[in-house]
Structures are given as C-alpha cells and as structure tokens.
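Raw target.txt, compact mmCIF, C-alpha atoms:
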```txt
# COMPACT_ATOMS: atom_id res chain seq x y z
CA MET A 1 77.19 140.82 81.27
CA ARG A 2 74.78 138.42 82.94
CA THR A 3 71.96 136.51 81.33
CA SER A 4 68.71 137.80 82.77
CA ARG A 5 65.57 135.79 83.43
CA LEU A 6 62.95 136.32 80.74
CA GLY A 7 59.27 136.52 81.52
CA LEU A 8 56.44 136.09 79.04
CA ALA A 9 52.94 137.50 78.98
CA VAL A 10 50.46 136.83 76.20
CA ILE A 11 47.81 139.23 74.95
CA LEU A 12 45.20 138.07 72.44
CA GLY A 13 43.27 140.83 70.68
CA ALA A 14 42.34 143.62 73.00
CA ALA A 15 42.00 141.35 76.01
CA ILE A 16 45.04 141.93 78.18
CA VAL A 17 46.48 139.22 80.37
CA LEU A 18 49.64 140.42 82.06
CA THR A 19 51.95 138.47 84.29
CA GLY A 20 54.47 140.03 86.63
CA CYS A 21 54.32 143.73 87.22
CA SER A 22 55.10 146.82 85.18
CA ALA A 23 58.37 148.57 85.75
CA PRO A 24 57.88 151.33 88.27
CA ASP A 25 59.36 154.62 87.11
CA THR A 26 61.17 155.27 90.35
CA GLY A 27 64.59 156.27 89.10
CA GLU A 28 68.04 154.81 89.03
CA SER A 29 68.10 153.61 92.60
CA ASP A 30 65.70 150.76 91.70
CA ALA A 31 68.37 149.21 89.47
CA ILE A 32 70.53 148.30 92.45
CA THR A 33 67.91 146.64 94.67
CA ASP A 34 68.01 142.90 95.34
CA GLU A 35 64.99 142.24 93.14
CA PRO A 36 65.41 143.24 89.47
CA VAL A 37 63.16 145.91 88.00
CA VAL A 38 60.83 144.18 85.52
CA ILE A 39 60.31 146.15 82.31
CA GLN A 40 57.50 144.89 80.10
CA VAL A 41 57.99 145.30 76.35
CA ALA A 42 55.17 144.53 73.90
CA ALA A 43 55.76 143.10 70.41
CA VAL A 44 53.47 141.66 67.76
CA THR A 45 55.34 138.99 65.81
CA SER A 46 58.74 137.59 64.86
CA PRO A 47 61.36 138.98 64.31
CA MET A 48 60.18 141.74 66.66
CA THR A 49 59.54 139.25 69.44
CA ASP A 50 62.95 137.66 68.78
CA VAL A 51 64.62 141.03 69.22
CA VAL A 52 62.85 141.62 72.54
CA LEU A 53 64.04 138.25 73.81
CA ALA A 54 67.60 139.00 72.70
CA ALA A 55 67.45 142.37 74.47
CA GLY A 56 66.34 140.47 77.57
CA GLU A 57 69.58 138.51 77.42
CA ALA A 58 71.59 141.73 77.16
CA ILE A 59 69.86 143.94 79.74
CA GLU A 60 72.20 145.16 82.45
CA ASP A 61 72.20 143.92 86.05
CA GLY A 62 69.26 145.15 88.07
CA TYR A 63 66.75 144.93 85.21
CA GLU A 64 64.68 142.21 83.57
CA ILE A 65 62.73 142.40 80.32
CA GLU A 66 59.36 140.67 80.14
CA LEU A 67 58.02 140.04 76.63
CA VAL A 68 54.33 140.85 76.20
CA GLU A 69 53.01 139.33 72.99
CA ILE A 70 50.29 141.37 71.30
CA SER A 71 48.09 140.33 68.40
CA ASP A 72 47.75 143.73 66.69
CA TYR A 73 49.60 147.02 66.35
CA ILE A 74 46.88 149.28 67.72
CA THR A 75 46.68 147.33 70.97
CA ALA A 76 50.48 147.39 71.19
CA ASN A 77 50.32 151.18 71.25
CA ASN A 78 47.27 151.42 73.50
CA VAL A 79 48.81 149.37 76.29
CA VAL A 80 51.90 151.58 76.33
CA ASN A 81 50.02 154.85 75.99
CA ASP A 82 47.70 153.80 78.84
CA GLY A 83 50.65 152.85 81.05
CA ASP A 84 49.78 149.13 81.23
CA VAL A 85 53.05 148.14 79.52
CA TYR A 86 56.28 150.15 79.69
CA ALA A 87 57.45 149.97 76.04
CA ASN A 88 56.80 148.37 72.70
CA PHE A 89 58.83 147.29 69.71
CA SER A 90 56.42 146.98 66.81
CA GLN A 91 56.47 150.03 64.53
CA HIS A 92 58.19 152.80 62.67
CA VAL A 93 57.94 156.43 63.76
CA PRO A 94 55.48 157.53 61.03
CA TYR A 95 52.97 154.92 62.21
CA MET A 96 53.54 155.96 65.85
CA GLU A 97 52.95 159.61 64.96
CA LEU A 98 49.62 158.74 63.33
CA PHE A 99 48.60 156.91 66.49
CA ASN A 100 49.53 159.92 68.61
CA GLU A 101 47.48 162.26 66.41
CA ALA A 102 44.42 160.01 66.44
CA ASN A 103 44.53 159.12 70.13
CA ASN A 104 46.05 162.14 71.85
CA GLY A 105 49.02 159.86 72.44
CA THR A 106 52.33 160.65 74.08
CA LEU A 107 54.50 157.94 72.52
CA THR A 108 58.05 158.61 71.36
CA GLY A 109 60.68 156.58 69.55
CA VAL A 110 63.87 156.31 71.59
CA GLN A 111 66.05 153.77 69.75
CA PRO A 112 66.15 152.67 66.09
CA VAL A 113 66.74 148.92 65.93
CA TYR A 114 66.33 147.51 62.43
CA ASN A 115 65.20 148.40 58.94
CA PHE A 116 63.73 146.12 56.30
CA ASP A 117 62.91 145.80 52.62
CA ILE A 118 59.26 146.38 51.83
CA ALA A 119 57.72 144.87 48.71
CA PHE A 120 54.74 144.16 46.51
CA TYR A 121 53.99 140.49 45.86
CA SER A 122 51.80 138.58 43.43
CA LYS A 123 50.50 135.03 43.33
CA THR A 124 50.10 135.15 39.55
CA LEU A 125 52.68 137.62 38.19
CA ASP A 126 56.45 137.34 37.81
CA ASP A 127 57.01 140.90 36.60
CA ILE A 128 55.27 144.16 37.47
CA ALA A 129 55.22 144.96 33.73
CA ASP A 130 52.65 142.18 33.32
CA LEU A 131 50.13 143.78 35.67
CA PRO A 132 46.79 143.53 33.81
CA ASP A 133 44.28 146.29 33.22
CA ALA A 134 41.71 146.67 36.01
CA ALA A 135 43.99 144.73 38.37
CA THR A 136 43.19 144.68 42.08
CA ILE A 137 46.00 145.98 44.30
CA ALA A 138 45.82 145.38 48.06
CA VAL A 139 47.41 148.13 50.16
CA PRO A 140 47.48 149.04 53.88
CA ASN A 141 44.62 151.13 55.22
CA ASP A 142 46.78 153.21 57.58
CA SER A 143 48.02 156.40 55.97
CA ALA A 144 51.72 155.97 56.84
CA ASN A 145 52.04 152.62 55.07
CA LEU A 146 49.48 153.52 52.37
CA GLY A 147 51.55 156.52 51.30
CA ARG A 148 54.63 154.36 51.07
CA ALA A 149 52.78 151.80 48.95
CA LEU A 150 51.45 154.43 46.54
CA LYS A 151 54.89 156.03 46.32
CA LEU A 152 56.30 152.66 45.21
CA LEU A 153 53.59 152.24 42.56
CA ASP A 154 54.26 155.77 41.34
CA SER A 155 57.98 155.01 41.01
CA GLU A 156 57.16 152.05 38.74
CA GLY A 157 54.69 154.00 36.59
CA VAL A 158 51.68 151.95 37.68
CA ILE A 159 50.07 155.21 38.83
CA THR A 160 51.08 158.86 38.89
CA LEU A 161 50.53 160.91 42.03
CA ALA A 162 49.35 164.49 41.69
CA GLU A 163 52.08 167.09 41.41
CA GLY A 164 53.07 168.63 44.73
CA VAL A 165 51.60 165.83 46.86
CA ASP A 166 53.81 164.56 49.68
CA PRO A 167 54.18 160.90 48.61
CA TYR A 168 54.54 159.76 52.20
CA ALA A 169 51.10 161.22 52.98
CA ALA A 170 49.39 160.25 49.72
CA THR A 171 45.99 158.56 49.52
CA VAL A 172 44.17 157.06 46.55
CA LYS A 173 42.47 160.45 46.12
CA ASP A 174 45.88 161.89 45.21
CA ILE A 175 46.28 159.67 42.15
CA ALA A 176 46.35 161.88 39.07
CA GLU A 177 46.86 159.15 36.46
CA ASN A 178 45.79 155.52 36.57
CA PRO A 179 46.50 154.20 33.06
CA LYS A 180 45.65 150.58 33.88
CA ASN A 181 42.50 151.53 35.81
CA VAL A 182 43.68 149.49 38.78
CA GLU A 183 41.38 149.16 41.78
CA PHE A 184 42.64 149.47 45.35
CA LEU A 185 41.66 147.26 48.26
CA GLU A 186 42.60 148.99 51.54
CA VAL A 187 42.93 146.60 54.50
CA PRO A 188 44.93 146.40 57.76
CA ILE A 189 48.52 145.16 57.51
CA ALA A 190 47.52 141.99 59.37
CA SER A 191 44.93 141.17 56.66
CA LEU A 192 47.16 141.62 53.62
CA ASN A 193 48.32 137.99 53.62
CA ALA A 194 44.71 136.91 53.10
CA ALA A 195 44.39 139.43 50.26
CA TYR A 196 47.40 137.79 48.58
CA GLU A 197 45.13 134.89 47.60
CA GLU A 198 42.71 137.09 45.64
CA ALA A 199 44.40 140.37 44.62
CA ASP A 200 46.73 140.72 41.64
CA LEU A 201 49.29 142.65 43.69
CA VAL A 202 49.78 142.93 47.46
CA PHE A 203 51.95 145.23 49.59
CA GLN A 204 53.27 143.57 52.76
CA TRP A 205 55.89 143.69 55.50
CA PRO A 206 58.50 140.88 55.43
CA SER A 207 57.63 139.81 58.98
CA HIS A 208 54.07 138.98 57.82
CA ILE A 209 54.68 137.70 54.29
CA ALA A 210 57.17 135.19 55.74
CA ALA A 211 54.15 133.17 56.91
CA LEU A 212 53.46 132.48 53.21
CA GLY A 213 57.06 131.41 52.61
CA LEU A 214 57.91 134.61 50.72
CA THR A 215 60.73 137.11 51.08
CA PRO A 216 61.23 140.54 49.47
CA GLU A 217 64.61 139.52 48.06
CA GLU A 218 63.32 136.40 46.31
CA ASP A 219 59.68 137.20 45.60
CA GLY A 220 59.16 140.97 45.64
CA LEU A 221 58.07 142.50 42.34
CA ILE A 222 58.81 146.02 43.61
CA THR A 223 61.08 146.52 46.62
CA GLU A 224 62.35 149.44 48.66
CA THR A 225 64.38 150.18 51.78
CA ASP A 226 63.80 153.57 53.44
CA ASP A 227 65.46 154.61 56.72
CA ARG A 228 62.39 156.70 57.50
CA PHE A 229 60.63 153.40 58.27
CA ALA A 230 63.19 151.78 60.58
CA LEU A 231 61.54 150.04 63.55
CA TYR A 232 61.97 151.80 66.88
CA LEU A 233 61.78 151.00 70.56
CA VAL A 234 58.87 153.18 71.79
CA VAL A 235 57.96 154.48 75.25
CA ARG A 236 55.79 157.27 76.64
CA GLU A 237 57.39 160.73 76.47
CA GLU A 238 57.46 161.00 80.26
CA ASN A 239 59.69 157.93 80.39
CA ALA A 240 62.00 158.89 77.52
CA LYS A 241 64.95 159.79 79.75
CA SER A 242 64.33 157.43 82.67
CA ALA A 243 66.91 154.95 83.96
CA GLU A 244 64.70 152.09 82.72
CA THR A 245 64.61 153.53 79.20
CA GLU A 246 68.37 154.04 79.15
CA ALA A 247 68.83 150.39 80.12
CA LEU A 248 66.41 149.33 77.37
CA LYS A 249 68.18 151.44 74.75
CA LYS A 250 71.50 149.81 75.55
CA ALA A 251 69.94 146.35 75.46
CA PHE A 252 68.21 146.97 72.11
CA ALA A 253 71.51 148.18 70.61
CA SER A 254 73.51 145.25 72.00
CA ASP A 255 75.57 142.58 70.30
CA GLU A 256 72.89 140.02 71.22
CA VAL A 257 70.28 141.99 69.27
CA ARG A 258 72.70 142.60 66.40
CA GLU A 259 73.23 138.84 66.12
CA VAL A 260 69.47 138.20 65.82
CA ILE A 261 69.13 140.89 63.15
CA GLU A 262 72.11 139.72 61.13
CA SER A 263 70.84 136.13 61.20
CA ASN A 264 67.60 137.27 59.55
CA GLY A 265 68.16 137.90 55.86
CA THR A 266 65.18 140.24 55.47
CA ILE A 267 66.20 142.94 57.98
CA ASP A 268 69.19 145.24 58.52
CA VAL A 269 70.75 146.76 61.64
CA ALA A 270 69.69 150.38 62.17
CA PHE A 271 71.88 151.29 65.16
```
This structure in structure tokens:
Amino acid sequence: MRTSRLGLAVILGAAIVLTGCSAPDTGESDAITDEPVVIQVAAVTSPMTDVVLAAGEAIEDGYEIELVEISDYITANNVVNDGDVYANFSQHVPYMELFNEANNGTLTGVQPVYNFDIAFYSKTLDDIADLPDAATIAVPNDSANLGRALKLLDSEGVITLAEGVDPYAATVKDIAENPKNVEFLEVPIASLNAAYEEADLVFQWPSHIAALGLTPEEDGLITETDDRFALYLVVREENAKSAETEALKKAFASDEVREVIESNGTIDVAF
C-alpha cells in the first residue's frame, strides 16, 4: 500500500478557507485516473485530526485525503451537509442525528472508528462523595451529551431522573430528585474546560480535557464507556455508497489508524 500525499486546509470559526478541491462524486472510474481523487475530511482536534492523517497514509491508490481543520463541531457538520467538504470525523451518531433534526440535514455515519471514556472532573474534589450542597456542575448544552451527563450523575445518586424518562434524552427538567440542590451550568463542549476553573464538577470529552493535563483514567471522578457514543466517519446520505466513501471506510479501519488509536491511552478501537 502506498503512502499518499496529505493536504491540509485550515478553517477558523465559521470562516472557511479551503485548499485543493472537493472530491467529485463521479464514481469508481475516477480512482484510476493519473491524478488522485482528493477527498476532504474535516476534524476538530486531536486525536481526531491524528486519525484523519493516519487514514491519509492508508488510503488506496487513486485517492488522497486532505485534512480540513475545523474549530467547532457545528461548522464541521455544516460544511459536509452543504457539500463544501466531503466527510467529517468529529462526532458520535447521537450528536449527528440532533444536527440532522435541527438543520434538515442528510448526514449519515458510515464507519465506527474509536470509542472513549467520558468523565466528570473536579479541580477541588478527589471523590464524588465529597460533592458539597449547592455545588455547581458544568454539563454540555447539546441534548445528546447532556443526557449522557445526567445519566452518569443519576447512576452515582447525585440526582434521580424521573421514572420512565429515556436517560439518553434527559434534560435538567427531568430531574425528579436533587438532594444536594446542585445547580447546572449548560455550556458548549468547547467551553467546558473554562468551566473547570470555576465549577465544582465538570463533564468533558478526553480530547478536550487533555489540554488541562487530565485523563479520565487518572482524574475522572465518574467515568463511563458506551458504544452508543463511538466516533464515526460521517458523509452525506447521497454519498454513503460511493467509491470515495468505500475507500475512506477502508482507510479509517486500517492498521495505520489502529496504531494511532492504540497509542492513545484514552481511546479504544471501535472497528
């Protein structure tokens, strides 16, 4: 298998600066032309960006992966849904489904790549049992990750969700019992690191909390791994069975990608 040339485009915020050209969806015959078909794949941060680069090393002859770095998850979905970028690797399927519902989107997950431990962290506490009354707990403001955070707190007895509520879809309005009278601060995933400085307890992804030198294994007060939240390669539904997507799927399930995942102690192979 050859080593392909990797391109790089950088996107800051919602301003899009793309280099190269998007992969034309022209079928399998493009893969055997003299010039490789360039497939742009958006990602937000490491280790997602690292996985895209590794997939670029593994992509079969006739194709080239170009990493498009994005600063936020909503933009990562918008550029794919709008057809400006071919694919992204930045999310789990529940988050993608929420985007589709809110934006009349046509995104679909085509390849699970890795899973990870999620956790709550605290700057001041060493044990969740020491959580004080009227504590402030920072949680994600998107419903997919919020439900997961509340489900974790329910499992530890910090709160009790109302009977019959789907924990994956729970909101703070579904809390039936709150014995410590904790208060919730709902902010975007990207802002939870800042909340770590002020809140008593903070929910965060390992890829973001790593910037603070923390890991779920060493520093998480409550941790969980759930296959429902494995990160997926995502494309538009119309491209789900294209030759380009098949080449991407193979690349994202390659030994090169497996090596990157296994070298990162906070994530696990999902393929």
All residues 7 Å or closer to A:Ile59, all atoms listed in the file, same chain fewer than 4 positions away omitted, as a list in words: Ser4, Ala55, Tyr63, Glu64, Ala247, Leu248 and Ala251 of chain A
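When atom CA of A:Glu101 is paired with atom CA of A:Asp117, their separation reads 26.4 Å.
The space separating atom CA of A:Ile70 from atom CA of A:Gln40 comes to 11.9 Å.
Restricting the calculation to all atoms listed in the file, the smallest distance between A:Thr108 and any of A:Ala190, A:Leu233, A:Lys151, A:Asp255 is found for A:Leu233.
Every protein, DNA or RNA residue with an atom at most 8 Å from A:Val202, where only C-alpha atoms count and chain neighbours fewer than 5 positions away do not, is listed here: A:Phe120, A:Tyr121, A:Ser122, A:Ile137, A:Ala138, A:Val139, A:Leu192, A:Ala195, A:Tyr196.
Atom pair atom CA of A:Ser263 / atom CA of A:Val52 has a distance of 14.9 Å (rounded to one decimal).
Each of A:Asp219, A:Glu246, A:Asp50, A:Asp34 was checked against A:Glu69 using all atoms listed in the file; the smallest atom-to-atom distance is that of A:Asp50.
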Of the listed residues A:Leu214, A:Ala243, A:Val41, A:Leu161, that which approaches A:Gly265 most closely, counting all atoms listed in the file: A:Leu214
Nearest residue to A:Thr106 from the set A:Ala58, A:Glu237, A:Asp268, A:Ile175 (distances using only C-alpha atoms): A:Glu237
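Closest to A:Glu238 among A:Gly105, A:Pro206, A:Pro112, A:Gly157 is A:Gly105, based on all atoms listed in the file.
Among the candidate residues A:Phe116, A:Phe229, A:Phe184, A:Phe271, the one lying nearest to A:Glu217 is A:Phe116, with distances computed using only C-alpha atoms.
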